[in-house]
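File shown here: structure-v3.cif, holding mmCIF, C-alpha atoms and all ligand atoms.
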data_work
#
loop_
_atom_site.label_atom_id
_atom_site.label_comp_id
_atom_site.auth_asym_id
_atom_site.auth_seq_id
_atom_site.Cartn_x
_atom_site.Cartn_y
_atom_site.Cartn_z
CA MET Q 1 0.00 0.00 0.00
CA ASN Q 2 1.37 3.42 -0.97
CA GLY Q 3 -0.36 5.57 1.67
CA ILE Q 4 -1.12 9.28 1.31
CA SER Q 5 1.25 11.10 -0.96
CA LEU Q 6 3.93 13.28 0.62
CA HIS Q 7 4.35 16.86 -0.47
CA ASP Q 8 8.08 16.55 -1.25
CA LEU Q 9 10.22 19.69 -1.04
CA SER Q 10 13.37 17.58 -1.60
CA SER Q 11 15.13 19.57 1.10
CA GLY Q 12 14.69 16.68 3.53
CA GLN Q 13 16.90 14.31 1.59
CA LYS Q 14 20.46 13.07 2.10
CA ALA Q 15 23.04 14.78 4.30
CA SER Q 16 24.53 17.68 2.36
CA PHE Q 17 28.30 17.73 1.97
CA ALA Q 18 28.20 21.54 2.00
CA ASP Q 19 26.64 21.55 5.52
CA VAL Q 20 28.99 18.85 6.76
CA SER Q 21 32.22 20.34 5.39
CA ARG Q 22 31.30 23.78 6.72
CA GLY Q 23 30.66 22.27 10.17
CA LEU Q 24 33.74 20.05 10.31
CA GLY Q 25 35.90 22.87 8.91
CA SER Q 26 34.97 25.27 11.75
CA PRO Q 27 37.32 25.90 14.71
CA GLN Q 28 34.67 24.28 16.96
CA LYS Q 29 33.64 21.37 14.77
CA GLU Q 30 29.88 20.94 14.56
CA LEU Q 31 27.17 19.02 12.72
CA PRO Q 32 23.52 20.12 12.37
CA CYS Q 33 21.22 18.17 14.70
CA LYS Q 34 18.70 17.60 11.88
CA LEU Q 35 21.15 14.88 10.70
CA PHE Q 36 20.12 12.73 13.69
CA TYR Q 37 16.82 11.94 12.05
CA ASP Q 38 17.40 9.26 9.45
CA GLU Q 39 15.14 6.20 9.75
CA TYR Q 40 17.23 4.54 12.50
CA GLY Q 41 17.82 7.85 14.33
CA SER Q 42 14.06 8.48 14.44
CA GLN Q 43 13.51 5.01 15.92
CA LEU Q 44 16.17 5.75 18.55
CA PHE Q 45 14.50 9.07 19.36
CA GLU Q 46 11.19 7.28 19.91
CA GLN Q 47 13.01 4.95 22.36
CA ILE Q 48 14.52 7.94 24.16
CA THR Q 49 11.06 9.38 24.78
CA THR Q 50 10.18 6.26 26.84
CA LEU Q 51 13.32 6.25 29.03
CA ASP Q 52 13.00 6.72 32.80
CA GLU Q 53 15.51 9.59 32.75
CA TYR Q 54 13.91 11.46 29.83
CA TYR Q 55 11.29 13.54 31.65
CA PRO Q 56 10.28 15.99 28.81
CA THR Q 57 7.96 13.70 26.85
CA ARG Q 58 6.13 12.41 29.93
CA ALA Q 59 5.76 15.93 31.36
CA GLU Q 60 4.49 17.34 28.04
CA LEU Q 61 2.03 14.46 27.60
CA ARG Q 62 0.70 15.07 31.12
CA ILE Q 63 0.16 18.74 30.30
CA MET Q 64 -1.54 17.89 27.01
CA ARG Q 65 -3.89 15.39 28.68
CA ALA Q 66 -4.82 17.84 31.43
CA ALA Q 67 -5.32 20.94 29.27
CA SER Q 68 -6.15 19.80 25.73
CA ALA Q 69 -9.78 20.96 25.93
CA GLU Q 70 -8.68 24.43 26.99
CA MET Q 71 -6.01 24.45 24.28
CA ALA Q 72 -8.54 23.43 21.65
CA SER Q 73 -10.82 26.29 22.58
CA ARG Q 74 -7.85 28.70 22.27
CA LEU Q 75 -7.13 27.34 18.76
CA GLY Q 76 -10.76 27.65 17.78
CA PRO Q 77 -12.98 25.80 15.28
CA GLU Q 78 -11.95 24.83 11.74
CA CYS Q 79 -8.29 25.72 12.04
CA VAL Q 80 -5.55 24.44 9.75
CA LEU Q 81 -3.03 22.77 12.09
CA LEU Q 82 0.59 22.88 10.86
CA GLU Q 83 2.91 20.72 12.92
CA TYR Q 84 6.65 21.41 12.74
CA GLY Q 85 8.80 18.29 13.41
CA SER Q 86 5.74 16.09 13.81
CA GLY Q 87 7.63 12.79 14.34
CA SER Q 88 5.18 10.15 15.57
CA SER Q 89 2.34 12.75 15.97
CA LEU Q 90 1.58 11.18 19.35
CA LYS Q 91 0.84 14.42 21.20
CA THR Q 92 -1.14 15.68 18.21
CA ARG Q 93 -3.73 12.98 18.71
CA ILE Q 94 -4.54 14.35 22.17
CA LEU Q 95 -5.14 17.75 20.59
CA LEU Q 96 -7.09 16.40 17.60
CA ASP Q 97 -9.40 14.54 19.97
CA GLN Q 98 -10.51 17.95 21.27
CA LEU Q 99 -10.29 20.23 18.23
CA GLU Q 100 -13.57 21.39 16.76
CA ARG Q 101 -13.81 20.35 13.07
CA PRO Q 102 -10.14 20.94 12.13
CA ALA Q 103 -9.97 22.02 8.47
CA ALA Q 104 -6.69 20.20 7.78
CA TYR Q 105 -3.62 18.75 9.46
CA VAL Q 106 -0.17 19.38 7.95
CA PRO Q 107 2.60 17.33 9.58
CA ILE Q 108 6.04 18.58 8.49
CA ASP Q 109 9.13 16.46 9.07
CA ILE Q 110 12.57 15.71 7.68
CA SER Q 111 12.31 12.00 8.54
CA ARG Q 112 10.56 10.51 5.52
CA GLU Q 113 9.65 7.01 6.74
CA LEU Q 114 8.31 8.15 10.10
CA LEU Q 115 6.35 10.98 8.47
CA GLN Q 116 4.73 8.61 5.96
CA GLN Q 117 3.85 6.04 8.62
CA SER Q 118 2.46 8.59 11.11
CA ALA Q 119 0.44 10.43 8.45
CA ASP Q 120 -1.09 7.16 7.19
CA GLU Q 121 -1.96 6.03 10.72
CA LEU Q 122 -3.43 9.38 11.60
CA ALA Q 123 -5.56 9.58 8.45
CA ARG Q 124 -6.92 6.11 9.26
CA ALA Q 125 -7.66 7.02 12.88
CA TYR Q 126 -9.33 10.38 12.06
CA ARG Q 127 -11.64 9.63 9.16
CA GLY Q 128 -12.66 12.81 7.37
CA LEU Q 129 -9.60 14.77 8.51
CA ARG Q 130 -7.65 16.13 5.55
CA VAL Q 131 -3.97 15.28 6.10
CA PHE Q 132 -1.24 16.91 3.96
CA PRO Q 133 2.17 15.58 5.04
CA VAL Q 134 5.14 17.71 3.99
CA TRP Q 135 8.58 16.11 3.76
CA ALA Q 136 10.96 19.02 4.21
CA ASP Q 137 13.79 20.61 6.12
CA TYR Q 138 11.75 23.35 7.75
CA THR Q 139 14.85 25.52 8.28
CA ARG Q 140 14.99 26.02 4.50
CA GLY Q 141 11.66 27.78 4.11
CA LEU Q 142 8.29 26.17 3.51
CA ASP Q 143 6.21 25.92 0.42
CA LEU Q 144 2.85 24.60 1.66
CA PRO Q 145 0.59 22.36 -0.45
CA ARG Q 146 -1.67 24.41 -2.73
CA GLU Q 147 -4.68 22.26 -1.82
CA LEU Q 148 -4.77 23.65 1.76
CA PRO Q 149 -8.20 25.14 2.54
CA ALA Q 150 -8.09 28.92 2.14
CA GLY Q 151 -9.55 31.47 4.53
CA LYS Q 152 -9.09 29.31 7.66
CA ARG Q 153 -7.10 30.24 10.75
CA ARG Q 154 -3.62 28.73 10.64
CA VAL Q 155 -2.20 27.46 13.91
CA ALA Q 156 1.30 26.03 14.20
CA TYR Q 157 2.00 23.24 16.65
CA TYR Q 158 5.64 22.81 17.69
CA PRO Q 159 5.92 20.31 20.57
CA GLY Q 160 8.92 18.43 21.99
CA SER Q 161 10.85 21.60 22.93
CA THR Q 162 12.53 21.30 19.52
CA ILE Q 163 12.70 25.13 19.56
CA GLY Q 164 15.48 24.62 22.17
CA ASN Q 165 17.72 23.18 19.43
CA PHE Q 166 18.16 26.65 17.94
CA VAL Q 167 20.52 29.22 19.44
CA PRO Q 168 18.33 32.15 20.55
CA ASP Q 169 19.03 34.29 17.46
CA GLU Q 170 18.09 31.43 15.13
CA ALA Q 171 15.05 30.66 17.31
CA ARG Q 172 13.90 34.27 16.85
CA ARG Q 173 14.29 34.02 13.07
CA PHE Q 174 12.50 30.68 13.01
CA LEU Q 175 9.57 31.93 15.12
CA THR Q 176 9.36 35.02 12.89
CA GLY Q 177 9.07 32.69 9.90
CA ILE Q 178 6.23 30.76 11.56
CA ALA Q 179 4.39 34.04 12.22
CA ARG Q 180 4.69 34.82 8.50
CA VAL Q 181 3.32 31.39 7.53
CA CYS Q 182 0.40 31.67 9.98
CA GLY Q 183 -0.53 35.26 9.12
CA ARG Q 184 -2.22 37.99 11.18
CA ASP Q 185 -4.88 35.77 12.71
CA GLY Q 186 -2.36 32.97 13.37
CA GLY Q 187 -1.59 31.02 16.53
CA LEU Q 188 1.23 28.90 17.85
CA LEU Q 189 1.03 26.10 20.42
CA ILE Q 190 4.57 25.30 21.48
CA GLY Q 191 6.33 23.01 23.97
CA VAL Q 192 9.14 24.74 25.84
CA ASP Q 193 11.41 22.98 28.30
CA LEU Q 194 12.06 24.93 31.51
CA LYS Q 195 15.19 25.59 33.57
CA LYS Q 196 15.64 23.10 36.40
CA ASP Q 197 18.06 21.07 38.53
CA PRO Q 198 21.13 20.50 36.32
CA LEU Q 199 21.48 16.94 37.62
CA MET Q 200 18.06 16.08 36.27
CA LEU Q 201 19.08 17.55 32.91
CA HIS Q 202 22.36 15.65 33.01
CA ARG Q 203 20.60 12.35 33.59
CA ALA Q 204 18.07 13.02 30.82
CA TYR Q 205 20.83 13.22 28.19
CA ASN Q 206 23.05 10.47 29.72
CA ASP Q 207 20.66 7.54 30.14
CA ALA Q 208 21.87 4.33 31.76
CA LEU Q 209 20.97 2.18 28.73
CA GLY Q 210 23.09 4.32 26.41
CA ILE Q 211 20.29 4.99 23.90
CA THR Q 212 21.11 8.71 23.72
CA ALA Q 213 24.75 7.80 23.08
CA ARG Q 214 23.66 5.54 20.21
CA PHE Q 215 21.42 8.33 18.86
CA ASN Q 216 24.33 10.78 18.91
CA LEU Q 217 26.86 8.36 17.35
CA ASN Q 218 24.39 7.35 14.62
CA ILE Q 219 25.11 10.68 12.92
CA LEU Q 220 28.61 9.35 12.05
CA THR Q 221 27.22 6.07 10.69
CA ARG Q 222 24.86 8.12 8.55
CA LEU Q 223 27.72 10.20 7.12
CA ASN Q 224 29.65 7.00 6.37
CA ARG Q 225 26.66 5.67 4.46
CA GLU Q 226 25.44 8.80 2.69
CA LEU Q 227 28.66 10.73 2.04
CA GLY Q 228 31.16 7.86 1.85
CA ALA Q 229 32.89 9.08 5.03
CA ASN Q 230 35.19 6.76 7.01
CA PHE Q 231 34.44 7.67 10.64
CA ALA Q 232 35.63 4.95 13.03
CA VAL Q 233 32.55 5.21 15.24
CA ASP Q 234 34.24 3.47 18.20
CA GLN Q 235 36.85 6.25 18.20
CA PHE Q 236 34.25 8.81 19.34
CA ARG Q 237 32.53 9.17 22.72
CA HIS Q 238 29.05 10.60 23.38
CA TYR Q 239 29.45 13.47 25.85
CA ALA Q 240 26.52 15.60 27.09
CA PHE Q 241 26.40 18.17 29.87
CA TYR Q 242 24.36 21.13 31.04
CA ASN Q 243 26.08 24.48 30.58
CA PRO Q 244 24.40 26.88 33.05
CA VAL Q 245 26.14 29.95 31.58
CA PHE Q 246 24.16 29.52 28.35
CA ALA Q 247 21.27 27.55 29.92
CA ARG Q 248 21.66 24.73 27.41
CA VAL Q 249 22.46 21.06 27.31
CA GLU Q 250 25.29 20.48 24.84
CA MET Q 251 25.79 17.15 23.10
CA HIS Q 252 29.20 16.41 21.68
CA LEU Q 253 31.09 13.55 20.07
CA VAL Q 254 34.63 13.58 21.45
CA SER Q 255 37.50 12.06 19.48
CA LEU Q 256 39.29 9.40 21.56
CA SER Q 257 42.47 9.61 19.47
CA GLU Q 258 44.31 11.85 17.02
CA GLN Q 259 42.85 10.85 13.68
CA VAL Q 260 42.06 11.96 10.14
CA VAL Q 261 38.57 11.36 8.78
CA ARG Q 262 37.84 11.52 5.06
CA VAL Q 263 34.43 12.77 3.91
CA ASN Q 264 33.73 12.93 0.18
CA ASP Q 265 37.51 12.92 -0.51
CA VAL Q 266 38.22 15.80 1.91
CA ASP Q 267 40.36 15.16 5.02
CA PHE Q 268 39.40 16.48 8.45
CA HIS Q 269 41.97 16.27 11.25
CA PHE Q 270 40.92 15.54 14.84
CA ASP Q 271 43.13 16.02 17.89
CA ARG Q 272 42.67 13.58 20.73
CA GLY Q 273 39.91 15.06 22.92
CA GLU Q 274 38.59 17.38 20.19
CA SER Q 275 34.81 17.47 19.91
CA ILE Q 276 32.09 17.74 17.28
CA TRP Q 277 29.18 19.69 18.75
CA THR Q 278 26.02 17.93 17.53
CA GLU Q 279 23.14 19.48 19.50
CA ALA Q 280 22.18 22.32 21.80
CA SER Q 281 19.04 22.14 23.88
CA TYR Q 282 18.25 25.52 25.41
CA LYS Q 283 16.14 25.79 28.56
CA TYR Q 284 14.06 28.88 29.28
CA SER Q 285 12.19 30.48 32.14
CA PRO Q 286 8.64 31.49 31.10
CA THR Q 287 9.70 35.16 31.19
CA GLU Q 288 12.75 34.56 29.00
CA PHE Q 289 10.66 32.69 26.46
CA ALA Q 290 8.01 35.44 26.40
CA THR Q 291 10.77 37.98 25.63
CA LEU Q 292 12.17 35.80 22.84
CA ALA Q 293 8.69 35.25 21.40
CA ALA Q 294 7.89 38.99 21.54
CA SER Q 295 11.08 39.74 19.57
CA ALA Q 296 9.69 37.40 16.86
CA GLY Q 297 6.25 39.05 16.71
CA TRP Q 298 4.38 36.69 19.05
CA HIS Q 299 2.35 37.42 22.16
CA VAL Q 300 2.05 34.72 24.86
CA GLN Q 301 -1.63 34.21 25.74
CA GLN Q 302 -1.48 31.24 28.11
CA VAL Q 303 1.16 28.98 29.70
CA TRP Q 304 0.41 25.50 31.03
CA THR Q 305 2.98 23.62 33.14
CA ASP Q 306 3.07 20.22 34.84
CA ASP Q 307 2.75 20.03 38.63
CA ARG Q 308 6.55 19.85 39.07
CA GLY Q 309 7.20 22.86 36.83
CA LEU Q 310 9.49 20.85 34.55
CA PHE Q 311 7.95 21.70 31.18
CA SER Q 312 5.56 24.18 29.61
CA VAL Q 313 3.13 24.27 26.70
CA GLN Q 314 2.34 27.80 25.61
CA PHE Q 315 -0.26 29.36 23.34
CA LEU Q 316 0.80 32.45 21.41
CA THR Q 317 -0.88 34.70 18.90
CA VAL Q 318 0.65 36.96 16.30
CA ALA Q 319 1.10 40.34 17.96
CA GLY Q 320 -1.33 42.92 16.51
C1 LIG Q 401 12.89 16.33 19.24
S1 LIG Q 401 11.99 15.48 17.99
C2 LIG Q 401 10.31 15.85 18.47
C3 LIG Q 401 9.32 14.91 17.88
C4 LIG Q 401 7.86 15.13 18.31
N1 LIG Q 401 7.34 16.39 17.80
C5 LIG Q 401 7.73 15.07 19.80
O1 LIG Q 401 7.32 16.07 20.38
O2 LIG Q 401 8.04 14.03 20.40
C6 LIG Q 401 12.25 16.54 16.61
C7 LIG Q 401 11.42 16.20 15.37
O3 LIG Q 401 11.67 17.22 14.39
C8 LIG Q 401 12.12 16.66 13.18
N2 LIG Q 401 13.11 17.59 12.64
C9 LIG Q 401 14.31 17.93 13.18
N3 LIG Q 401 14.92 18.86 12.43
C10 LIG Q 401 14.08 19.12 11.38
C11 LIG Q 401 14.15 19.99 10.26
N4 LIG Q 401 15.21 20.80 10.06
N5 LIG Q 401 13.11 20.02 9.39
C12 LIG Q 401 12.02 19.20 9.59
N6 LIG Q 401 11.91 18.35 10.62
C13 LIG Q 401 12.91 18.31 11.52
C14 LIG Q 401 12.69 15.30 13.54
O4 LIG Q 401 12.66 14.38 12.47
C15 LIG Q 401 11.81 14.88 14.72
O5 LIG Q 401 10.65 14.21 14.29
#
Serialized structure, structure tokens:
Amino acid sequence: MNGISLHDLSSGQKASFADVSRGLGSPQKELPCKLFYDEYGSQLFEQITTLDEYYPTRAELRIMRAASAEMASRLGPECVLLEYGSGSSLKTRILLDQLERPAAYVPIDISRELLQQSADELARAYRGLRVFPVWADYTRGLDLPRELPAGKRRVAYYPGSTIGNFVPDEARRFLTGIARVCGRDGGLLIGVDLKKDPLMLHRAYNDALGITARFNLNILTRLNRELGANFAVDQFRHYAFYNPVFARVEMHLVSLSEQVVRVNDVDFHFDRGESIWTEASYKYSPTEFATLAASAGWHVQQVWTDDRGLFSVQFLTVAG
């Protein structure tokens, strides 16, 4: 069975050598975290969300279950729901169960297989809902399907605290872009992880089963496969820590030896102990996030948190 057809912007495809060589050629080597999400990486991420140490998914699901009716009334009837980084669309179902006659659902993701599977499952579970999956790298601009119903309120949904993967300046640009896509009447429902005990953060990104380590190292396996690189994966160590100066968890891959890695016929030298920075995950206080959102043209209307104050889901409208 083919399933519903993906709107394919081609930007979600293979790792780009231009991105990789720019990152590995920088004084602080880095790789874009979107490269985590090939088919295997997406499966590993789904496993991470079920780990004891990984509190964000459980906390966000609790908030969604407790407040989805209130959220749905904020979004209003007949909205077009655009989900950025939709993954398994698990949290979306809680929202869809409450939304009044949604006009369409547009899941957007870079991970093709997971997007196809989730969109098919969702269309089967919500008969009558128009689903328009978009396979794209959403950092490269979005060209939405032309068949989207016109004249309906557009609301973006951006759960998972994926906004934390952008440095604040990029986050501002990205949120500004979403405001443009949603238009003057637009809304944004967004999951934002909150500042907390650094030990809890440390544990969340250093799980005992080593799934996060596998997720991080998989980026090298992907480059070996897609760009003909020759990373010796066992010569790199997953290393994640909370940096309170920047209020972010940093994930790195640290070279265990002096080595030269060839990618697409270009050599990159690694000192022993040198790192590739693969992901940032910024944590915000509600006030800090409101300031960031305001600088991107959004006004926070309501903030829901779990009873331990670990995570927040926030509803924003485009500032008038
Ligand atoms: C942290 S996961 C969150 C998944 C899900 N929304 C949740 O809340 O559990 C990030 C999701 O965004 C997708 N993603 C990451 N970077 C992306 C990009 N540049 N463009 C489109 N999707 C992206 C990943 O494939 C993944 O599904």
Next on the checklist: Need the shell around Glu46 (chain Q): protein/DNA/RNA residues with any atom at most 12 Å away, counting only C-alpha atoms. Skip same-chain ones fewer than 5 positions apart. Format as JSON, numbers by chain?
Outcome noted: {"Q": [37, 39, 40, 41, 51, 54, 57, 87, 88, 89, 90, 114, 160, 211, 212, 215]}
Item to check | Selection as an NGL selection string: residues within 6 Å of ligand LIG 401 (chain Q) by all atoms listed in the file | outcome: :Q and (34 or 37 or 85-87 or 109-111 or 136-139 or 159-160 or 162)
Prev. selection, C-alpha atoms, output as an mmCIF file, in the coordinates of the input:
data_model
loop_
_atom_site.group_PDB
_atom_site.id
_atom_site.type_symbol
_atom_site.label_atom_id
_atom_site.label_comp_id
_atom_site.auth_asym_id
_atom_site.auth_seq_id
_atom_site.Cartn_x
_atom_site.Cartn_y
_atom_site.Cartn_z
ATOM 1 C CA LYS Q 34 18.700 17.600 11.880
ATOM 2 C CA TYR Q 37 16.820 11.940 12.050
ATOM 3 C CA GLY Q 85 8.800 18.290 13.410
ATOM 4 C CA SER Q 86 5.740 16.090 13.810
ATOM 5 C CA GLY Q 87 7.630 12.790 14.340
ATOM 6 C CA ASP Q 109 9.130 16.460 9.070
ATOM 7 C CA ILE Q 110 12.570 15.710 7.680
ATOM 8 C CA SER Q 111 12.310 12.000 8.540
ATOM 9 C CA ALA Q 136 10.960 19.020 4.210
ATOM 10 C CA ASP Q 137 13.790 20.610 6.120
ATOM 11 C CA TYR Q 138 11.750 23.350 7.750
ATOM 12 C CA THR Q 139 14.850 25.520 8.280
ATOM 13 C CA PRO Q 159 5.920 20.310 20.570
ATOM 14 C CA GLY Q 160 8.920 18.430 21.990
ATOM 15 C CA THR Q 162 12.530 21.300 19.520
#
Give me, as a tab-separated table (two decimals) with C-alpha atoms, in the frame of the given file, all polymer residues having an atom no more than 8 Å from Ala204 (chain Q), counting only C-alpha atoms and skipping those fewer than 2 positions away in the same chain.
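Output file part-v8.tsv is given in full below:
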chain	number	residue	atom	x	y	z
Q	53	GLU	CA	15.51	9.59	32.75
Q	54	TYR	CA	13.91	11.46	29.83
Q	55	TYR	CA	11.29	13.54	31.65
Q	200	MET	CA	18.06	16.08	36.27
Q	201	LEU	CA	19.08	17.55	32.91
Q	202	HIS	CA	22.36	15.65	33.01
Q	206	ASN	CA	23.05	10.47	29.72
Q	207	ASP	CA	20.66	7.54	30.14
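The neighbours of region 165-168 of chain Q here are the residues that come within 7 Å of it, using all atoms listed in the file and leaving out any residue fewer than 4 positions away in the same chain; they are Arg172, Glu279, Ala280, Ser281 and Tyr282 of chain Q.
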Checklist entry - What separation in Å, quoted to one decimal, exists between CA of Arg180 (chain Q) and CA of Gly151 (chain Q)? => result 15.2 Å
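Taking CA of Thr317 (chain Q) and CA of Leu9 (chain Q) as the two end points, the separation is 27.3 Å.
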Checklist outcome for this item: Students should find that CA of Gln301 (chain Q) and CA of Val131 (chain Q) are spaced 27.4 Å
Item to check | Spatial neighbours of Leu142 (chain Q), 12 Å, all atoms listed in the file, chain gap at least 6 places, as a ChimeraX atom specification | outcome: /Q:7-12,82,84,106,108-109,134-136,174,177-178,180-182
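Using all atoms listed in the file, the nearest neighbour of Gly228 (chain Q) within the list Q:Ser312, Q:Asn264, Q:Ser257, Q:Thr49 is Q:Asn264.
Remark: for Leu31 (chain Q), the closest of the candidate residues Q:Asp234, Q:Asp193, Q:Asp267, Q:Asp19 is Q:Asp19 (distances computed over all atoms listed in the file).
Distance check against Gly273 (chain Q) using all atoms listed in the file: of Q:Thr221, Q:Gln235, Q:Ser161, Q:Ser285, the minimum falls on Q:Gln235.
Candidate residues Q:Arg93, Q:Ile219, Q:Lys152, Q:Arg308 were compared for distance to Ala125 (chain Q), and the nearest is Q:Arg93, using only C-alpha atoms.
In this comparison, which uses all atoms listed in the file, the residue of Q:His299, Q:Lys14, Q:Gly25, Q:Tyr284 approaching Val261 (chain Q) most closely is Q:Gly25.
Excluding His238 (chain Q) itself and any same-chain residue fewer than 3 positions from it, the protein and nucleic acid residues within 7 Å of it, counting only C-alpha atoms, are Ala213, Asn216, Leu217, His252, Leu253 and Val254 of chain Q.
Residue nearest Ser5 (chain Q), chosen from Q:Ile190, Q:Leu220, Q:Leu115, Q:Ala232 and counting all atoms listed in the file: Q:Leu115.
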